[in-house]
$ cat input-v2.cif   # mmCIF, C-alpha atoms
data_model
loop_
_atom_site.label_atom_id
_atom_site.label_comp_id
_atom_site.auth_asym_id
_atom_site.auth_seq_id
_atom_site.Cartn_x
_atom_site.Cartn_y
_atom_site.Cartn_z
CA MET E 1053 0.00 0.00 0.00
CA ILE E 1054 1.33 3.45 -0.92
CA ILE E 1055 0.13 5.42 2.07
CA TYR E 1056 -0.13 8.94 0.61
CA LYS E 1057 -2.10 7.61 -2.37
CA GLU E 1058 -4.60 5.81 -0.12
CA ILE E 1059 -5.13 8.97 1.92
CA SER E 1060 -5.38 11.15 -1.18
CA LYS E 1061 -8.04 8.76 -2.61
CA LEU E 1062 -9.99 8.76 0.65
CA ASN E 1063 -9.80 12.56 0.80
CA LYS E 1064 -11.67 12.79 -2.51
CA LYS E 1065 -14.82 11.22 -1.07
CA PHE E 1066 -14.41 12.28 2.56
CA ARG E 1067 -12.76 15.64 3.15
CA LEU E 1068 -9.98 15.17 5.72
CA LEU E 1069 -8.18 17.68 7.93
CA ASN E 1070 -4.38 17.73 7.55
CA GLU E 1071 -4.13 16.53 11.16
CA GLU E 1072 -6.40 13.56 10.33
CA LYS E 1073 -4.38 12.72 7.22
CA ILE E 1074 -1.21 12.60 9.31
CA LEU E 1075 -2.82 10.48 12.05
CA LEU E 1076 -4.14 8.05 9.41
CA GLY E 1077 -0.77 7.65 7.73
CA THR E 1078 1.94 8.05 10.37
CA ASP E 1079 4.24 5.19 11.33
CA GLY E 1080 5.03 7.03 14.55
CA SER E 1081 3.27 7.23 17.91
CA VAL E 1082 -0.35 8.46 17.80
CA THR E 1083 -0.31 9.26 21.52
CA ASN E 1084 2.66 11.53 20.92
CA ILE E 1085 0.87 13.43 18.13
CA LEU E 1086 -2.29 13.84 20.26
CA GLU E 1087 -0.18 15.28 23.10
CA ILE E 1088 1.52 17.70 20.70
CA LEU E 1089 -1.80 18.88 19.21
CA PHE E 1090 -3.72 19.13 22.49
CA GLU E 1091 -0.76 20.19 24.66
CA ASP E 1092 -1.25 17.86 27.59
CA ILE E 1093 -0.71 14.27 28.66
CA CYS E 1094 -2.66 11.57 26.82
CA LYS E 1095 -4.54 9.10 29.03
CA VAL E 1096 -6.14 5.75 28.30
CA GLU E 1097 -9.59 4.80 29.52
CA THR E 1098 -10.37 1.12 29.15
CA ILE E 1099 -13.94 0.37 28.08
CA ASN E 1100 -13.64 -3.39 27.76
CA GLN E 1101 -11.04 -6.07 28.11
CA LYS E 1102 -11.35 -9.79 27.43
CA ILE E 1103 -9.21 -12.81 26.56
CA VAL E 1104 -10.34 -14.99 23.65
CA ASP E 1105 -8.29 -17.65 21.83
CA ASN E 1106 -5.14 -16.74 23.72
CA THR E 1107 -5.44 -13.12 22.57
CA ASN E 1108 -5.91 -10.08 24.79
CA TYR E 1109 -8.61 -7.76 23.40
CA ARG E 1110 -8.88 -4.20 24.65
CA GLU E 1111 -11.29 -1.45 23.75
CA VAL E 1112 -10.05 1.96 24.88
CA ILE E 1113 -10.59 5.69 24.53
CA LEU E 1114 -7.57 7.99 24.32
CA LYS E 1115 -8.21 11.28 26.11
CA VAL E 1116 -6.34 14.53 26.56
CA ASN E 1117 -7.70 16.92 29.21
CA ASP E 1118 -10.69 14.59 29.55
CA ILE E 1119 -11.57 15.20 25.88
CA PRO E 1120 -12.08 11.86 24.10
CA LEU E 1121 -10.05 11.87 20.86
CA VAL E 1122 -9.56 8.30 19.66
CA TYR E 1123 -11.45 5.02 20.00
CA ALA E 1124 -9.10 2.05 19.66
CA ILE E 1125 -9.39 -1.72 19.68
CA SER E 1126 -6.18 -3.66 20.22
CA LYS E 1127 -5.44 -7.36 19.90
CA THR E 1128 -2.36 -8.72 21.63
CA PRO E 1129 -1.57 -12.39 20.97
CA PHE E 1130 -0.01 -13.93 24.09
CA LYS E 1131 1.95 -16.39 21.95
CA ASN E 1132 4.03 -13.67 20.32
CA ILE E 1133 4.68 -11.89 23.59
CA GLU E 1134 6.03 -15.15 25.01
CA GLU E 1135 8.15 -15.99 21.97
CA GLU E 1136 9.71 -12.56 21.80
CA ASN E 1137 11.33 -13.04 25.20
CA LEU E 1138 10.20 -9.67 26.46
CA ARG E 1139 11.18 -8.79 29.98
CA GLU E 1140 8.45 -9.49 32.57
CA GLU E 1141 7.91 -5.79 33.32
CA ILE E 1142 7.32 -5.07 29.62
CA LYS E 1143 4.81 -7.93 29.31
CA LYS E 1144 3.03 -6.62 32.37
CA ASP E 1145 2.79 -3.10 30.90
CA LEU E 1146 1.61 -4.47 27.55
CA LEU E 1147 -1.26 -6.33 29.17
CA SER E 1148 -2.10 -3.67 31.72
CA ALA E 1149 -5.07 -1.48 31.10
CA ASP E 1150 -3.83 2.05 31.23
CA ILE E 1151 -0.54 2.67 29.38
CA PRO E 1152 -0.62 3.67 25.70
CA ILE E 1153 1.53 1.38 23.54
CA GLY E 1154 3.54 4.36 22.25
CA LYS E 1155 4.58 5.14 25.83
CA ILE E 1156 5.57 1.53 26.51
CA ILE E 1157 7.75 1.55 23.39
CA ARG E 1158 9.47 4.76 24.54
CA LYS E 1159 9.73 3.71 28.19
CA TYR E 1160 11.69 0.56 27.31
CA ASN E 1161 13.43 1.96 24.20
CA LEU E 1162 11.94 -0.81 22.05
CA GLU E 1163 12.91 -0.79 18.39
CA THR E 1164 9.75 -1.53 16.41
CA ARG E 1165 7.98 -0.75 13.17
CA ARG E 1166 4.35 -0.03 12.32
CA GLU E 1167 2.73 -1.52 9.25
CA ILE E 1168 -0.52 0.05 8.11
CA LYS E 1169 -3.04 -2.52 6.85
CA SER E 1170 -6.03 -0.37 5.91
CA ILE E 1171 -7.30 3.21 5.89
CA GLY E 1172 -10.97 4.12 5.59
CA ILE E 1173 -14.13 5.56 7.09
CA ALA E 1174 -16.01 4.24 10.14
CA GLU E 1175 -19.75 4.53 10.65
CA VAL E 1176 -20.25 5.98 14.13
CA ASP E 1177 -23.13 4.41 16.08
CA GLU E 1178 -24.86 5.98 19.09
CA ARG E 1179 -22.67 4.19 21.64
CA LEU E 1180 -19.52 5.45 19.92
CA LYS E 1181 -20.93 8.99 19.59
CA THR E 1182 -21.45 9.07 23.35
CA LEU E 1183 -18.03 7.59 24.11
CA LEU E 1184 -16.28 10.01 21.76
CA LYS E 1185 -18.50 13.03 22.53
CA THR E 1186 -19.02 13.63 18.82
CA ASN E 1187 -21.99 14.23 16.53
CA TYR E 1188 -20.26 13.05 13.36
CA ASN E 1189 -21.82 10.01 11.66
CA GLN E 1190 -18.59 9.10 9.91
CA LEU E 1191 -15.00 9.40 11.07
CA PRO E 1192 -11.62 8.37 9.67
CA LYS E 1193 -10.19 5.04 10.79
CA ARG E 1194 -7.25 2.75 10.19
CA THR E 1195 -5.81 -0.62 11.17
CA TYR E 1196 -2.11 -1.31 11.67
CA ASN E 1197 0.30 -3.75 13.24
CA ILE E 1198 3.07 -2.96 15.67
CA ILE E 1199 5.93 -5.31 14.84
CA TYR E 1200 8.77 -6.27 17.14
CA LYS E 1201 11.43 -8.83 16.23
CA ASN E 1202 9.45 -9.64 13.11
CA LYS E 1203 6.34 -10.67 15.06
CA ILE E 1204 3.08 -8.81 15.55
CA LEU E 1205 3.10 -7.41 19.08
CA MET E 1206 -0.28 -5.74 18.67
CA GLU E 1207 -2.90 -5.15 15.99
CA ILE E 1208 -4.68 -1.84 16.49
CA THR E 1209 -7.76 -0.29 14.91
CA GLU E 1210 -8.25 3.42 15.60
CA ILE E 1211 -11.18 5.76 14.94
CA PHE E 1212 -10.16 9.44 15.11
CA ALA E 1213 -12.60 11.92 16.66
CA ILE E 1214 -10.45 15.05 16.58
CA ARG E 1215 -12.57 17.12 14.13
CA GLY E 1216 -14.46 19.85 15.93
CA LYS E 1217 -12.01 19.62 18.85
CA LEU E 1218 -8.82 21.15 17.46
CA MET D 1096 12.64 15.67 27.22
CA ILE D 1097 8.85 15.74 27.28
CA ILE D 1098 8.15 16.44 23.63
CA TYR D 1099 4.75 18.11 23.82
CA LYS D 1100 5.99 20.47 26.55
CA GLU D 1101 9.01 21.54 24.48
CA ILE D 1102 6.78 22.25 21.48
CA SER D 1103 4.20 24.05 23.59
CA LYS D 1104 6.98 26.23 25.08
CA LEU D 1105 8.43 26.99 21.63
CA ASN D 1106 4.94 27.83 20.32
CA LYS D 1107 4.67 30.63 22.90
CA LYS D 1108 7.54 32.59 21.35
CA PHE D 1109 7.25 31.40 17.76
CA ARG D 1110 3.73 30.64 16.53
CA LEU D 1111 3.74 27.16 14.94
CA LEU D 1112 1.32 25.54 12.51
CA ASN D 1113 -0.16 22.24 13.69
CA GLU D 1114 1.64 20.53 10.81
CA GLU D 1115 4.94 22.03 12.00
CA LYS D 1116 4.29 20.94 15.58
CA ILE D 1117 3.75 17.38 14.40
CA LEU D 1118 6.86 17.38 12.20
CA LEU D 1119 8.94 18.72 15.10
CA GLY D 1120 7.72 16.07 17.51
CA THR D 1121 6.99 12.92 15.58
CA ASP D 1122 8.98 9.73 16.10
CA GLY D 1123 7.74 8.49 12.73
CA SER D 1124 8.94 9.10 9.18
CA VAL D 1125 9.10 12.76 8.09
CA THR D 1126 9.18 11.78 4.39
CA ASN D 1127 5.93 9.89 4.90
CA ILE D 1128 4.22 12.94 6.47
CA LEU D 1129 5.45 15.25 3.68
CA GLU D 1130 4.05 12.85 1.06
CA ILE D 1131 0.71 12.73 2.90
CA LEU D 1132 0.47 16.54 3.15
CA PHE D 1133 1.67 17.32 -0.37
CA GLU D 1134 0.13 14.24 -2.04
CA ASP D 1135 3.07 13.10 -4.12
CA ILE D 1136 6.36 11.27 -3.86
CA CYS D 1137 9.12 12.88 -1.76
CA LYS D 1138 12.53 13.20 -3.42
CA VAL D 1139 15.97 13.94 -2.04
CA GLU D 1140 18.33 16.42 -3.64
CA THR D 1141 21.87 16.20 -2.31
CA ILE D 1142 23.58 19.57 -1.90
CA ASN D 1143 26.81 18.36 -0.34
CA GLN D 1144 28.38 15.14 0.77
CA LYS D 1145 31.71 14.58 2.50
CA ILE D 1146 33.50 12.09 4.70
CA VAL D 1147 35.22 13.42 7.83
CA ASP D 1148 36.47 11.41 10.82
CA ASN D 1149 34.96 8.20 9.50
CA THR D 1150 31.53 9.85 9.36
CA ASN D 1151 29.44 10.42 6.24
CA TYR D 1152 27.98 13.95 6.19
CA ARG D 1153 25.14 14.81 3.85
CA GLU D 1154 23.30 18.03 3.25
CA VAL D 1155 20.03 17.51 1.41
CA ILE D 1156 16.76 19.16 0.45
CA LEU D 1157 13.55 17.13 0.59
CA LYS D 1158 11.19 18.06 -2.23
CA VAL D 1159 7.68 17.13 -3.26
CA ASN D 1160 6.60 18.17 -6.76
CA ASP D 1161 9.84 20.14 -7.01
CA ILE D 1162 8.78 22.26 -4.01
CA PRO D 1163 11.61 22.36 -1.43
CA LEU D 1164 10.15 21.54 2.00
CA VAL D 1165 12.94 20.48 4.35
CA TYR D 1166 16.66 21.17 4.64
CA ALA D 1167 18.44 18.32 6.41
CA ILE D 1168 21.96 17.51 7.54
CA SER D 1169 22.70 13.89 8.38
CA LYS D 1170 25.71 12.29 10.00
CA THR D 1171 26.23 8.57 9.53
CA PRO D 1172 29.14 7.05 11.47
CA PHE D 1173 30.66 4.21 9.42
CA LYS D 1174 31.71 2.42 12.59
CA ASN D 1175 28.13 1.82 13.73
CA ILE D 1176 27.03 0.67 10.29
CA GLU D 1177 29.81 -1.91 10.31
CA GLU D 1178 29.13 -3.09 13.86
CA GLU D 1179 25.43 -3.48 13.29
CA ASN D 1180 26.03 -6.17 10.68
CA LEU D 1181 23.69 -4.61 8.18
CA ARG D 1182 23.34 -6.37 4.86
CA GLU D 1183 25.53 -4.91 2.09
CA GLU D 1184 22.53 -3.63 0.12
CA ILE D 1185 21.25 -1.71 3.17
CA LYS D 1186 24.68 -0.14 3.80
CA LYS D 1187 24.81 0.88 0.15
CA ASP D 1188 21.39 2.54 0.35
CA LEU D 1189 22.29 4.29 3.62
CA LEU D 1190 25.37 5.86 2.06
CA SER D 1191 23.83 6.55 -1.32
CA ALA D 1192 22.76 10.04 -2.11
CA ASP D 1193 19.15 9.87 -3.07
CA ILE D 1194 16.98 7.67 -0.82
CA PRO D 1195 15.29 9.18 2.25
CA ILE D 1196 16.10 7.26 5.46
CA GLY D 1197 12.38 6.68 6.13
CA LYS D 1198 12.14 4.83 2.82
CA ILE D 1199 15.21 2.70 3.56
CA ILE D 1200 13.70 1.71 6.91
CA ARG D 1201 10.44 0.70 5.23
CA LYS D 1202 12.11 -0.99 2.25
CA TYR D 1203 14.07 -3.36 4.49
CA ASN D 1204 11.50 -3.59 7.31
CA LEU D 1205 14.05 -2.33 9.83
CA GLU D 1206 12.89 -2.05 13.43
CA THR D 1207 14.22 1.23 14.78
CA ARG D 1208 13.43 4.08 17.12
CA ARG D 1209 13.88 7.84 16.89
CA GLU D 1210 15.11 9.86 19.80
CA ILE D 1211 14.62 13.61 19.64
CA LYS D 1212 17.57 15.58 21.04
CA SER D 1213 16.47 19.20 20.56
CA ILE D 1214 13.67 21.34 19.16
CA GLY D 1215 14.09 25.02 18.32
CA ILE D 1216 14.25 27.82 15.77
CA ALA D 1217 16.79 28.21 12.97
CA GLU D 1218 17.98 31.53 11.56
CA VAL D 1219 17.63 31.29 7.79
CA ASP D 1220 20.52 32.85 5.82
CA GLU D 1221 20.36 33.91 2.16
CA ARG D 1222 21.79 30.62 0.88
CA LEU D 1223 19.14 28.64 2.77
CA LYS D 1224 16.36 31.01 1.64
CA THR D 1225 17.31 30.33 -1.97
CA LEU D 1226 17.61 26.58 -1.45
CA LEU D 1227 14.26 26.40 0.36
CA LYS D 1228 12.48 28.99 -1.79
CA THR D 1229 11.30 30.79 1.31
CA ASN D 1230 11.31 34.39 2.58
CA TYR D 1231 11.05 33.51 6.26
CA ASN D 1232 13.98 34.61 8.43
CA GLN D 1233 13.25 31.97 11.05
CA LEU D 1234 11.96 28.42 10.69
CA PRO D 1235 11.37 25.51 13.08
CA LYS D 1236 14.15 22.94 13.40
CA ARG D 1237 15.04 19.82 15.35
CA THR D 1238 17.79 17.25 15.83
CA TYR D 1239 17.21 13.56 16.43
CA ASN D 1240 18.90 10.19 16.28
CA ILE D 1241 17.74 7.13 14.42
CA ILE D 1242 18.67 4.14 16.55
CA TYR D 1243 19.03 0.56 15.37
CA LYS D 1244 20.21 -2.28 17.60
CA ASN D 1245 20.97 0.29 20.30
CA LYS D 1246 23.43 2.20 18.13
CA ILE D 1247 23.02 5.53 16.37
CA LEU D 1248 22.53 4.79 12.68
CA MET D 1249 22.15 8.46 11.79
CA GLU D 1250 21.93 11.85 13.48
CA ILE D 1251 19.69 14.23 11.57
CA THR D 1252 19.02 17.96 11.86
CA GLU D 1253 15.99 19.21 9.93
CA ILE D 1254 14.76 22.73 9.14
CA PHE D 1255 11.12 22.77 8.05
CA ALA D 1256 10.07 25.20 5.28
CA ILE D 1257 6.45 24.13 4.85
CA ARG D 1258 4.79 27.40 5.97
CA GLY D 1259 3.35 29.32 3.05
CA LYS D 1260 3.35 26.13 0.96
CA LEU D 1261 0.52 24.07 2.48
#
$ encode --input "input-v2.cif" --output "structure tokens"
Amino acid sequence: MIIYKEISKLNKKFRLLNEEKILLGTDGSVTNILEILFEDICKVETINQKIVDNTNYREVILKVNDIPLVYAISKTPFKNIEEENLREEIKKDLLSADIPIGKIIRKYNLETRREIKSIGIAEVDERLKTLLKTNYNQLPKRTYNIIYKNKILMEITEIFAIRGKL
Amino acid sequence: MIIYKEISKLNKKFRLLNEEKILLGTDGSVTNILEILFEDICKVETINQKIVDNTNYREVILKVNDIPLVYAISKTPFKNIEEENLREEIKKDLLSADIPIGKIIRKYNLETRREIKSIGIAEVDERLKTLLKTNYNQLPKRTYNIIYKNKILMEITEIFAIRGKL
């Protein structure tokens, strides 16, 4: 996938802000960009967490100054975490509810890469509108993998609710 | 360094665009963000290249659609490249004149991290104004390291000339 072309195509049918384009296409930390744009610390609120088929599922809202900005679902396969011989404290942080992955990567100086799988538009239902404090029916979304030692550490889908809040 | 605080502090004395704030603070690929914002491929034009003290120095301009957007100086210590046991083709690309580092990282699926050292304002002299096709006397700049296997692969200083061109 050629990222700028995907975003340019999407922008033709769904007008994107420059900040949304960057969030959709960056291979850097989203938490970091939210903190830069909203000038305060980014916090994670966990909505749901469950373990199915040896995978840890988490549904979270990223907030800055109590303003909900991103809805994210992450899948963390336990198998990969075990095989990658991560230190116990890193495993603990990865499975804990309240630390953004970007902060874990920085905290432990992990060398990783992010591989974007898809970029598109999410339909926003009533539950999500309430969680994200937004009135928009459609919002930009993407799915990507965080890769460490050639294995998927986490697959993340994000829906960005920054429009109207910048 | 807490990145968002540095940028917020800088923004008080030198009003930054959101796009500039993100470029100053991201730990992702700058080339990628330029391509997303300017919707075309990002090219490197080498202005100067020299080898001093076993370090490869390069002075380049990043351009999209022939519009100069970033002036960058990179330092690549040969010693680290040798010690990191990189494949010959990767070494060749790293020392070649015309491939942005972000593209090399993606091309070879390298797992890396970027560590920002400083964020500030550059004084723009006449030579730089001509190279960057800008009239601004001051532009945002930063210095960061790209780290691979715990060694500095490259130290990069970037001056961003995107204002007036977005």
$ resolve_selection --input "input-v2.cif" --expression "the PyMOL selection byres ((chain E) within 9 of (chain D))" --output "CSV table (one decimal) with C-alpha atoms, in the frame of the given file"
chain,number,residue,atom,x,y,z
E,1055,ILE,CA,0.1,5.4,2.1
E,1056,TYR,CA,-0.1,8.9,0.6
E,1057,LYS,CA,-2.1,7.6,-2.4
E,1059,ILE,CA,-5.1,9.0,1.9
E,1060,SER,CA,-5.4,11.2,-1.2
E,1070,ASN,CA,-4.4,17.7,7.6
E,1071,GLU,CA,-4.1,16.5,11.2
E,1073,LYS,CA,-4.4,12.7,7.2
E,1074,ILE,CA,-1.2,12.6,9.3
E,1077,GLY,CA,-0.8,7.6,7.7
E,1078,THR,CA,1.9,8.0,10.4
E,1079,ASP,CA,4.2,5.2,11.3
E,1080,GLY,CA,5.0,7.0,14.6
E,1081,SER,CA,3.3,7.2,17.9
E,1082,VAL,CA,-0.4,8.5,17.8
E,1084,ASN,CA,2.7,11.5,20.9
E,1085,ILE,CA,0.9,13.4,18.1
E,1086,LEU,CA,-2.3,13.8,20.3
E,1087,GLU,CA,-0.2,15.3,23.1
E,1088,ILE,CA,1.5,17.7,20.7
E,1089,LEU,CA,-1.8,18.9,19.2
E,1090,PHE,CA,-3.7,19.1,22.5
E,1091,GLU,CA,-0.8,20.2,24.7
E,1092,ASP,CA,-1.2,17.9,27.6
E,1093,ILE,CA,-0.7,14.3,28.7
E,1157,ILE,CA,7.8,1.6,23.4
E,1158,ARG,CA,9.5,4.8,24.5
E,1161,ASN,CA,13.4,2.0,24.2
E,1162,LEU,CA,11.9,-0.8,22.0
E,1163,GLU,CA,12.9,-0.8,18.4
E,1164,THR,CA,9.8,-1.5,16.4
E,1165,ARG,CA,8.0,-0.8,13.2
E,1166,ARG,CA,4.4,0.0,12.3
E,1167,GLU,CA,2.7,-1.5,9.2
E,1199,ILE,CA,5.9,-5.3,14.8
E,1200,TYR,CA,8.8,-6.3,17.1
E,1201,LYS,CA,11.4,-8.8,16.2
E,1202,ASN,CA,9.4,-9.6,13.1
$ resolve_selection --input "input-v2.cif" --expression "the PyMOL selection byres ((chain E and resi 1197) around 8)" --output "PyMOL selection string"
chain E and resi 1166-1169+1195-1196+1198-1199+1204-1208
$ axis_aligned_box --input "input-v2.cif" --around "segment 1161-1179 of chain E" --padding-each-side "5 Å" --output "lines of an AutoDock Vina configuration file"
center_x = -5.7
center_y = 1.7
center_z = 14.9
size_x = 48.3
size_y = 18.5
size_z = 28.6
$ closest_residue --input "input-v2.cif" --among "E:Leu1147, E:Ile1171, E:Ile1103, E:Ile1119" --to "Arg1215 of chain E" --atoms "all atoms listed in the file"
E:Ile1119
$ residues_around --input "input-v2.cif" --residues "Thr1229 of chain D" --least-positions-apart "2" --cutoff "9 Å" --atoms "only C-alpha atoms" --output "NGL selection string"
:D and (1163 or 1223-1227 or 1231-1232 or 1256-1259)
$ residues_around --input "input-v2.cif" --residues "Ile1099 of chain E" --least-positions-apart "5" --cutoff "8 Å" --atoms "only C-alpha atoms" --output "PyMOL selection string"
chain E and resi 1110-1113
$ resolve_selection --input "input-v2.cif" --expression "the PyMOL selection byres ((chain E and resi 1212) around 7)" --output "JSON, numbers by chain"
{"E": [1121, 1122, 1123, 1191, 1192, 1193, 1210, 1211, 1213, 1214]}
$ write_last_selection --input "input-v2.cif" --atoms "C-alpha atoms" --output "CSV table (one decimal), in the frame of the given file"
chain,number,residue,atom,x,y,z
E,1121,LEU,CA,-10.0,11.9,20.9
E,1122,VAL,CA,-9.6,8.3,19.7
E,1123,TYR,CA,-11.4,5.0,20.0
E,1191,LEU,CA,-15.0,9.4,11.1
E,1192,PRO,CA,-11.6,8.4,9.7
E,1193,LYS,CA,-10.2,5.0,10.8
E,1210,GLU,CA,-8.2,3.4,15.6
E,1211,ILE,CA,-11.2,5.8,14.9
E,1213,ALA,CA,-12.6,11.9,16.7
E,1214,ILE,CA,-10.4,15.0,16.6
$ atom_distance --input "input-v2.cif" --atom1 "atom CA of Lys1115 of chain E" --atom2 "atom CA of Lys1095 of chain E"
5.2 Å
$ residues_around --input "input-v2.cif" --residues "Pro1152 of chain E" --least-positions-apart "5" --cutoff "9 Å" --atoms "all atoms listed in the file" --output "VMD selection string"
chain E and resid 1083 1094 to 1096 1114 1146 1157
$ write_last_selection --input "input-v2.cif" --atoms "C-alpha atoms" --output "short mmCIF file (atom, residue, chain, number, x, y, z; two decimals), keeping the file's coordinate frame"
data_model
loop_
_atom_site.label_atom_id
_atom_site.label_comp_id
_atom_site.auth_asym_id
_atom_site.auth_seq_id
_atom_site.Cartn_x
_atom_site.Cartn_y
_atom_site.Cartn_z
CA THR E 1083 -0.31 9.26 21.52
CA CYS E 1094 -2.66 11.57 26.82
CA LYS E 1095 -4.54 9.10 29.03
CA VAL E 1096 -6.14 5.75 28.30
CA LEU E 1114 -7.57 7.99 24.32
CA LEU E 1146 1.61 -4.47 27.55
CA ILE E 1157 7.75 1.55 23.39
#
$ atom_distance --input "input-v2.cif" --atom1 "atom CA of Ser1148 of chain E" --atom2 "atom CA of Glu1136 of chain E"
17.8 Å
$ atom_distance --input "input-v2.cif" --atom1 "atom CA of Pro1129 of chain E" --atom2 "atom CA of Lys1144 of chain E"
13.6 Å
$ closest_residue --input "input-v2.cif" --among "E:Arg1194, E:Glu1178, E:Ile1151, E:Gly1172" --to "Lys1065 of chain E" --atoms "all atoms listed in the file"
E:Gly1172
$ residues_around --input "input-v2.cif" --residues "Glu1178 of chain D" --least-positions-apart "4" --cutoff "10 Å" --atoms "only C-alpha atoms" --output "number ranges by chain"
D: 1173-1174, 1244, 1246
